[in-house]
Amino acid sequence: MTNSEFQAVVLAAGRGTRLPEVLGDAPKCLLPVGPFPLLWYPLNMLQQHNFSEVIVVVLEQEKLEIQLALENTPLKLKVDYATIPSDSDFGTADSLRYIYDKIKSDFLVVSCDIVSNVSLYPLINKFREHDAALALLLFKSGFESDVVMPGPKTKHKPERDVIGVHSATQRLAFLTAASDCEDTLNIQRHLLKNKGQLDVYSRLLDAHIYVLKKWVINYLHRKENISTFKGEFLPHLIKKQHAKRAAKAIQDTTSEVGLVTKLEDNVLHYVPHTALDQKITQTSLFNQSLSHVPYHGDVVRCYAVQAPKDAIGVRVNSTLSFLAINRKLASIWNEMCGEAHPLIAAGALVKSTQTKDIIAADNAKLSEKTSLNYSVFGPNCVINPKNIVSNSLVMSNAIVEEGCNIDNCIVGHRAHVKKGSVLKNCIIGPNYVVDEGTKSQAMHLSNADQYMEIDIQ
């Protein structure tokens, strides 16, 4: 695959609103996942697929911090940082419109929170075969289903999509959030006409990895009323598969309410339609309808490709999935990254001689006279002597003083656990200070508890 065929865009300007227990003021894309920041994983995946350059969309005020963090990782990619205003309320579609001028070819859009070992080539080849407008990747869900969150007991309700795929062709019929559906799902008749069996899934995960035609961003650039890519633009584009070209060119018209309808508002205005394009489609072995009109006349075509069942794929977009990937990473590391990248970063200082299945990020300081088991230690964290840490996640810049016993806990970004504390099944929020000698179990300790909400009429 050549770089001239595809560009790659990684969206990393999310504010992590679904991770309030652990995020604090740190960028979501720098959450520690094993020895590297979260953003490293999609970038490494693209690098393994022979991409040498990638556009990374970040908030302006976070660019320097993200840039410095990636410079300490073994990436060889050239990263072009596209910054969006930090005070903006941009959705993902807004972010893509903002970098419109940078997109010169067909392109991949990847979320910064995907951790996977899947090969992207089947997805890309499906896109190529059918000259598709869009091809997206689906994983089986449930990666975090066997992980129990520390803290007070809560019932986790995973977000789910309802996805319709024509099994014979892998054409994508619809994609909608399960929360937007009523008790029954009504399927329109035209989704079944000429396309065969329609399979409906509710336990597949949209990986947020998309391959798109260049003309798609030209069309999105026009649709300024659409803010989010997954929630608004994808369903919109999928529905446009049923748009048909008129026999003759139609001029701009005036609607019944007196509004001018321009050709530029019609998706078909953006789809290449030269005589050569038509001939290629008609003679292609992939159009699956050689005895009829190719693709039944559909010029906008969207496809969904399911990853192999044994592929690893998780979106780190909630505290539970963040905990799950860190808990399981040591056991799946070789499948994820092979032996090229050690679980103990070269810059980590590990003096403890009593360790089992630990992961330590760059500049983590793990002192002597400690017992450290089945735990992950983020960058710049400090574990002082005479501590026991088991089945826990200690995040970046956190400090644990002497004489503590921490079991099945998340210790947040820049949290400080003072000496003699005993914590079990707890979440320690970002920047929180645990007082000396604290003994807590199944608690969520957070600075948010120190504020009172006042409703001013």
# chains A, B, ... in the order shown; residues from 1 in each chain; ligands from 1
>>> residues_around(residues="range 415-430 of chain A", least_positions_apart="2", cutoff="8 Å", atoms="only C-alpha atoms", output="NGL selection string")
:A and (21-24 or 149-152 or 397-413 or 432-447)
>>> residues_around(residues="Phe36 in chain A", least_positions_apart="6", cutoff="8 Å", atoms="only C-alpha atoms", output="PyMOL selection string")
chain A and resi 73+361-362
>>> residues_around(residues="Leu320 in chain A", least_positions_apart="3", cutoff="12 Å", atoms="only C-alpha atoms", output="PyMOL selection string")
chain A and resi 18-22+142-151+154-158+314-317+323-327+410+427
>>> residues_around(residues="Ala133 in chain A", least_positions_apart="6", cutoff="10 Å", atoms="only C-alpha atoms", output="list of chain:residue names")
A:Asp106, A:Phe127, A:Val211, A:Leu212, A:Lys213, A:Lys214, A:Trp215, A:Val216, A:Leu237, A:Ile238, A:Gln241, A:Val271, A:Val299, A:Val300, A:Arg301, A:Cys302, A:Tyr303
>>> residues_around(residues="range 165-178 of chain A", least_positions_apart="4", cutoff="8 Å", atoms="only C-alpha atoms", output="JSON, numbers by chain")
{"A": [159, 160, 161, 191, 195, 196, 197, 198, 199, 200, 202, 231, 234, 235, 238, 239, 288, 301, 302, 303, 304, 305]}
>>> write_last_selection(atoms="C-alpha atoms", output="PDB file, in the first residue's frame")
ATOM      1  CA  GLU A 159     -23.341   1.474  24.784  1.00  0.00           C
ATOM      2  CA  ARG A 160     -24.581  -0.603  21.894  1.00  0.00           C
ATOM      3  CA  ASP A 161     -25.301  -0.080  18.234  1.00  0.00           C
ATOM      4  CA  LEU A 191     -33.600  -2.263   2.535  1.00  0.00           C
ATOM      5  CA  LYS A 195     -30.200  -7.263  -1.688  1.00  0.00           C
ATOM      6  CA  GLY A 196     -31.003 -10.614  -0.114  1.00  0.00           C
ATOM      7  CA  GLN A 197     -30.779 -11.585   3.542  1.00  0.00           C
ATOM      8  CA  LEU A 198     -30.303  -8.789   6.071  1.00  0.00           C
ATOM      9  CA  ASP A 199     -28.553  -9.668   9.336  1.00  0.00           C
ATOM     10  CA  VAL A 200     -29.170  -7.369  12.308  1.00  0.00           C
ATOM     11  CA  SER A 202     -26.699  -5.625  18.494  1.00  0.00           C
ATOM     12  CA  GLY A 231     -23.915   9.870  15.338  1.00  0.00           C
ATOM     13  CA  LEU A 234     -22.563   8.025   9.089  1.00  0.00           C
ATOM     14  CA  PRO A 235     -26.342   7.335   9.220  1.00  0.00           C
ATOM     15  CA  ILE A 238     -25.592   5.212   4.643  1.00  0.00           C
ATOM     16  CA  LYS A 239     -29.111   6.383   3.748  1.00  0.00           C
ATOM     17  CA  GLN A 288     -21.981  -8.953  -7.911  1.00  0.00           C
ATOM     18  CA  ARG A 301     -21.915   2.147  -1.511  1.00  0.00           C
ATOM     19  CA  CYS A 302     -21.092   1.472   2.157  1.00  0.00           C
ATOM     20  CA  TYR A 303     -19.633  -1.762   3.537  1.00  0.00           C
ATOM     21  CA  ALA A 304     -19.015  -3.331   6.938  1.00  0.00           C
ATOM     22  CA  VAL A 305     -16.216  -5.830   7.552  1.00  0.00           C
TER      23      VAL A 305
END
>>> closest_residue(among="A:Ser392, A:Asn363, A:Ser111, A:Ser141", to="Cys29 in chain A", atoms="only C-alpha atoms")
A:Ser111
>>> select_by_dssp(residues="range 195-424 of chain A", states="helix (DSSP H, G or I)", output="number ranges by chain")
A: 214-222, 229-242, 263-265, 267-269, 275-283, 294-297, 319-337
>>> atom_distance(atom1="CA of Gln61 in chain A", atom2="CA of Cys112 in chain A")
17.2 Å
